[in-house]
Amino acid sequence: MSPPRTSRNDPCPCGSGKKYKHCCYRQHAESESNLAPGQQPMRYPIGTVAMYGPDDKRPTKIAAGVILHEKAEPIMERWVAMDVTTNPKIQQEIKDFFLRYGVKEVAMSEGNMGCPHEEGEDFPLGEDCPFCPFWAGKQGSNS
């Protein structure tokens, strides 16, 4: 089921409280006018999903993002579980997150993108994660 189209007089999906026509509508219309013939416009808001785990087999963290328009910073949420792909509560929360922002399309990584720990938060910037030896030398700012 595709989400309903945002009308010019609807509240803007970015959450500003303004009408869409007085907020993000112009940015969306301008980005569509710059397309090459036959090129499909990106349908904002766009959702993103990336999985992370201690190795390339077990996803233990999932990060979902929403990009409201071309120049917007992503709105991010993260979930952690033994297997985030089979947890029904997490699946429902991701669905609700995307519905809350009227996401029209979702891009998703294939498999795990790296370790679930945050570089600079859980371990020093530029170093390998001490908790996930599988990813040593394969990710982060030092690769």
# chains A, B, ... in the order shown; residues from 1 in each chain; ligands from 1

$ closest_atom_pairs --of "stretch 45-103 of chain A" --to "stretch 119-135 of chain A" --cutoff "9 Å" --atoms "only C-alpha atoms" --output "CSV"
residue,atom,partner,partner_atom,distance
A:Gly53,CA,A:Cys132,CA,8.4
A:Pro54,CA,A:Cys132,CA,5.1
A:Asp55,CA,A:Phe134,CA,5.6
A:Asp56,CA,A:Phe134,CA,8.1

$ write_last_selection --atoms "C-alpha atoms" --output "PDB file, in the first residue's frame"
ATOM      1  CA  GLY A  53      26.288  -6.754  13.706  1.00  0.00           C
ATOM      2  CA  PRO A  54      29.373  -8.288  15.304  1.00  0.00           C
ATOM      3  CA  ASP A  55      30.007 -10.126  11.996  1.00  0.00           C
ATOM      4  CA  ASP A  56      28.470 -10.252   8.525  1.00  0.00           C
TER       5      ASP A  56
END

$ residues_around --residues "A:Ile62" --least-positions-apart "6" --cutoff "7 Å" --atoms "only C-alpha atoms" --output "list in words"
Val49, Ala50, Met51, Tyr52, Arg78, Trp79, Val80 and Val84 of chain A

$ select_by_dssp --residues "stretch 24-118 of chain A" --states "alpha helix (DSSP H)" --output "list in words"
Tyr25, Arg26, Gln27, His28, Ala29, Glu30, Ser31, Glu32, Ser33, Pro88, Lys89, Ile90, Gln91, Gln92, Glu93, Ile94, Lys95, Asp96, Phe97, Phe98, Leu99 and Arg100 of chain A

$ write_last_selection --atoms "N, CA and C atoms" --output "short mmCIF file (atom, residue, chain, number, x, y, z; two decimals), in the first residue's frame"
data_model
loop_
_atom_site.label_atom_id
_atom_site.label_comp_id
_atom_site.auth_asym_id
_atom_site.auth_seq_id
_atom_site.Cartn_x
_atom_site.Cartn_y
_atom_site.Cartn_z
N TYR A 25 7.25 22.48 -0.28
CA TYR A 25 6.71 22.21 -1.62
C TYR A 25 7.61 22.75 -2.73
N ARG A 26 8.07 23.98 -2.59
CA ARG A 26 8.89 24.61 -3.65
C ARG A 26 10.18 23.82 -3.88
N GLN A 27 10.84 23.37 -2.81
CA GLN A 27 12.07 22.58 -2.94
C GLN A 27 11.80 21.30 -3.71
N HIS A 28 10.68 20.64 -3.42
CA HIS A 28 10.34 19.39 -4.10
C HIS A 28 10.05 19.66 -5.57
N ALA A 29 9.31 20.72 -5.87
CA ALA A 29 8.96 21.04 -7.26
C ALA A 29 10.22 21.40 -8.06
N GLU A 30 11.14 22.17 -7.46
CA GLU A 30 12.38 22.55 -8.15
C GLU A 30 13.25 21.34 -8.45
N SER A 31 13.35 20.41 -7.50
CA SER A 31 14.19 19.23 -7.74
C SER A 31 13.61 18.37 -8.86
N GLU A 32 12.30 18.33 -9.01
CA GLU A 32 11.68 17.56 -10.08
C GLU A 32 11.86 18.23 -11.44
N SER A 33 11.96 19.57 -11.47
CA SER A 33 12.10 20.28 -12.75
C SER A 33 13.51 20.14 -13.34
N PRO A 88 9.35 -8.83 16.18
CA PRO A 88 8.12 -8.18 15.70
C PRO A 88 7.91 -6.77 16.27
N LYS A 89 8.35 -6.54 17.51
CA LYS A 89 8.19 -5.21 18.11
C LYS A 89 9.03 -4.19 17.34
N ILE A 90 10.26 -4.55 17.01
CA ILE A 90 11.13 -3.64 16.26
C ILE A 90 10.58 -3.42 14.86
N GLN A 91 10.10 -4.48 14.21
CA GLN A 91 9.51 -4.33 12.87
C GLN A 91 8.36 -3.34 12.89
N GLN A 92 7.49 -3.44 13.90
CA GLN A 92 6.35 -2.53 14.01
C GLN A 92 6.82 -1.10 14.29
N GLU A 93 7.83 -0.94 15.14
CA GLU A 93 8.32 0.41 15.46
C GLU A 93 8.95 1.07 14.23
N ILE A 94 9.65 0.31 13.40
CA ILE A 94 10.22 0.86 12.17
C ILE A 94 9.10 1.28 11.22
N LYS A 95 8.10 0.42 11.08
CA LYS A 95 6.95 0.75 10.23
C LYS A 95 6.27 2.03 10.72
N ASP A 96 6.03 2.13 12.02
CA ASP A 96 5.40 3.33 12.60
C ASP A 96 6.27 4.57 12.38
N PHE A 97 7.58 4.42 12.53
CA PHE A 97 8.52 5.53 12.31
C PHE A 97 8.38 6.07 10.88
N PHE A 98 8.38 5.17 9.90
CA PHE A 98 8.24 5.60 8.50
C PHE A 98 6.86 6.20 8.23
N LEU A 99 5.81 5.61 8.80
CA LEU A 99 4.46 6.15 8.59
C LEU A 99 4.32 7.55 9.20
N ARG A 100 4.95 7.76 10.36
CA ARG A 100 4.88 9.07 11.04
C ARG A 100 5.37 10.19 10.13
#

$ closest_atom_pairs --of "stretch 60-98 of chain A" --to "stretch 107-115 of chain A" --cutoff "10 Å" --atoms "only C-alpha atoms" --output "Markdown table"
| residue | atom | partner | partner_atom | distance |
| --- | --- | --- | --- | --- |
| A:Thr60 | CA | A:Cys115 | CA | 9.0 |
| A:Lys61 | CA | A:Cys115 | CA | 8.7 |
| A:Ile62 | CA | A:Asn112 | CA | 9.1 |
| A:Ala64 | CA | A:Met108 | CA | 9.0 |
| A:Gly65 | CA | A:Ala107 | CA | 9.7 |

$ atom_distance --atom1 "atom CA of A:Met82" --atom2 "atom CA of A:Lys138"
22.4 Å

$ decode --residues "stretch 107-120 of chain A" --atoms "all heavy atoms" --output "mmCIF file, in the first residue's frame"
data_model
loop_
_atom_site.group_PDB
_atom_site.id
_atom_site.type_symbol
_atom_site.label_atom_id
_atom_site.label_comp_id
_atom_site.auth_asym_id
_atom_site.auth_seq_id
_atom_site.Cartn_x
_atom_site.Cartn_y
_atom_site.Cartn_z
ATOM 1 N N ALA A 107 15.191 2.734 0.978
ATOM 2 C CA ALA A 107 16.431 2.116 0.494
ATOM 3 C C ALA A 107 17.023 1.344 1.663
ATOM 4 O O ALA A 107 17.063 1.846 2.786
ATOM 5 C CB ALA A 107 17.408 3.181 0.015
ATOM 6 N N MET A 108 17.479 0.113 1.385
ATOM 7 C CA MET A 108 17.981 -0.739 2.462
ATOM 8 C C MET A 108 19.294 -1.381 2.067
ATOM 9 O O MET A 108 19.482 -1.776 0.920
ATOM 10 C CB MET A 108 16.948 -1.827 2.759
ATOM 11 C CG MET A 108 17.293 -2.710 3.910
ATOM 12 S SD MET A 108 15.891 -3.763 4.285
ATOM 13 C CE MET A 108 16.600 -4.777 5.546
ATOM 14 N N SER A 109 20.197 -1.501 3.041
ATOM 15 C CA SER A 109 21.463 -2.183 2.786
ATOM 16 C C SER A 109 21.214 -3.681 2.655
ATOM 17 O O SER A 109 20.257 -4.216 3.200
ATOM 18 C CB SER A 109 22.450 -1.914 3.919
ATOM 19 O OG SER A 109 22.023 -2.541 5.120
ATOM 20 N N GLU A 110 22.100 -4.329 1.932
ATOM 21 C CA GLU A 110 22.029 -5.776 1.809
ATOM 22 C C GLU A 110 23.031 -6.364 2.785
ATOM 23 O O GLU A 110 24.241 -6.203 2.624
ATOM 24 C CB GLU A 110 22.384 -6.180 0.379
ATOM 25 C CG GLU A 110 22.041 -7.605 0.058
ATOM 26 C CD GLU A 110 22.221 -7.903 -1.417
ATOM 27 O OE1 GLU A 110 21.726 -7.133 -2.253
ATOM 28 O OE2 GLU A 110 22.885 -8.912 -1.707
ATOM 29 N N GLY A 111 22.567 -6.983 3.828
ATOM 30 C CA GLY A 111 23.454 -7.539 4.847
ATOM 31 C C GLY A 111 23.968 -6.469 5.803
ATOM 32 O O GLY A 111 23.592 -5.300 5.727
ATOM 33 N N ASN A 112 24.827 -6.883 6.694
ATOM 34 C CA ASN A 112 25.381 -5.962 7.691
ATOM 35 C C ASN A 112 26.421 -5.044 7.059
ATOM 36 O O ASN A 112 27.236 -5.474 6.264
ATOM 37 C CB ASN A 112 26.024 -6.744 8.831
ATOM 38 C CG ASN A 112 24.996 -7.434 9.694
ATOM 39 O OD1 ASN A 112 23.811 -7.140 9.603
ATOM 40 N ND2 ASN A 112 25.441 -8.344 10.527
ATOM 41 N N MET A 113 26.384 -3.780 7.476
ATOM 42 C CA MET A 113 27.318 -2.781 6.952
ATOM 43 C C MET A 113 28.546 -2.612 7.824
ATOM 44 O O MET A 113 29.499 -1.957 7.430
ATOM 45 C CB MET A 113 26.615 -1.431 6.809
ATOM 46 C CG MET A 113 25.503 -1.457 5.790
ATOM 47 S SD MET A 113 24.771 0.158 5.551
ATOM 48 C CE MET A 113 26.137 1.055 4.851
ATOM 49 N N GLY A 114 28.524 -3.163 9.010
ATOM 50 C CA GLY A 114 29.650 -3.006 9.917
ATOM 51 C C GLY A 114 29.259 -3.389 11.320
ATOM 52 O O GLY A 114 28.197 -3.952 11.567
ATOM 53 N N CYS A 115 30.122 -3.047 12.231
ATOM 54 C CA CYS A 115 29.926 -3.373 13.637
ATOM 55 C C CYS A 115 28.845 -2.470 14.243
ATOM 56 O O CYS A 115 28.664 -1.345 13.800
ATOM 57 C CB CYS A 115 31.281 -3.240 14.324
ATOM 58 S SG CYS A 115 31.382 -2.246 15.772
ATOM 59 N N PRO A 116 28.113 -2.971 15.256
ATOM 60 C CA PRO A 116 27.026 -2.181 15.829
ATOM 61 C C PRO A 116 27.475 -1.086 16.799
ATOM 62 O O PRO A 116 26.666 -0.263 17.221
ATOM 63 C CB PRO A 116 26.190 -3.233 16.561
ATOM 64 C CG PRO A 116 27.167 -4.294 16.932
ATOM 65 C CD PRO A 116 28.173 -4.314 15.812
ATOM 66 N N HIS A 117 28.758 -1.051 17.115
ATOM 67 C CA HIS A 117 29.252 -0.056 18.070
ATOM 68 C C HIS A 117 29.563 1.253 17.349
ATOM 69 O O HIS A 117 29.894 1.260 16.173
ATOM 70 C CB HIS A 117 30.485 -0.604 18.797
ATOM 71 C CG HIS A 117 30.173 -1.883 19.509
ATOM 72 N ND1 HIS A 117 30.496 -3.122 18.970
ATOM 73 C CD2 HIS A 117 29.533 -2.122 20.673
ATOM 74 C CE1 HIS A 117 30.071 -4.065 19.797
ATOM 75 N NE2 HIS A 117 29.491 -3.488 20.841
ATOM 76 N N GLU A 118 29.451 2.351 18.061
ATOM 77 C CA GLU A 118 29.632 3.687 17.491
ATOM 78 C C GLU A 118 31.080 4.148 17.646
ATOM 79 O O GLU A 118 31.578 4.275 18.771
ATOM 80 C CB GLU A 118 28.708 4.696 18.173
ATOM 81 C CG GLU A 118 27.239 4.351 18.082
ATOM 82 C CD GLU A 118 26.608 4.734 16.765
ATOM 83 O OE1 GLU A 118 27.140 5.614 16.065
ATOM 84 O OE2 GLU A 118 25.560 4.155 16.436
ATOM 85 N N GLU A 119 31.726 4.389 16.513
ATOM 86 C CA GLU A 119 33.084 4.920 16.529
ATOM 87 C C GLU A 119 33.043 6.310 17.167
ATOM 88 O O GLU A 119 32.210 7.136 16.823
ATOM 89 C CB GLU A 119 33.633 5.009 15.100
ATOM 90 C CG GLU A 119 35.073 5.442 15.028
ATOM 91 C CD GLU A 119 35.610 5.516 13.604
ATOM 92 O OE1 GLU A 119 34.822 5.497 12.651
ATOM 93 O OE2 GLU A 119 36.837 5.616 13.469
ATOM 94 N N GLY A 120 33.931 6.560 18.119
ATOM 95 C CA GLY A 120 33.960 7.847 18.811
ATOM 96 C C GLY A 120 33.103 7.859 20.061
ATOM 97 O O GLY A 120 33.282 8.701 20.928
#
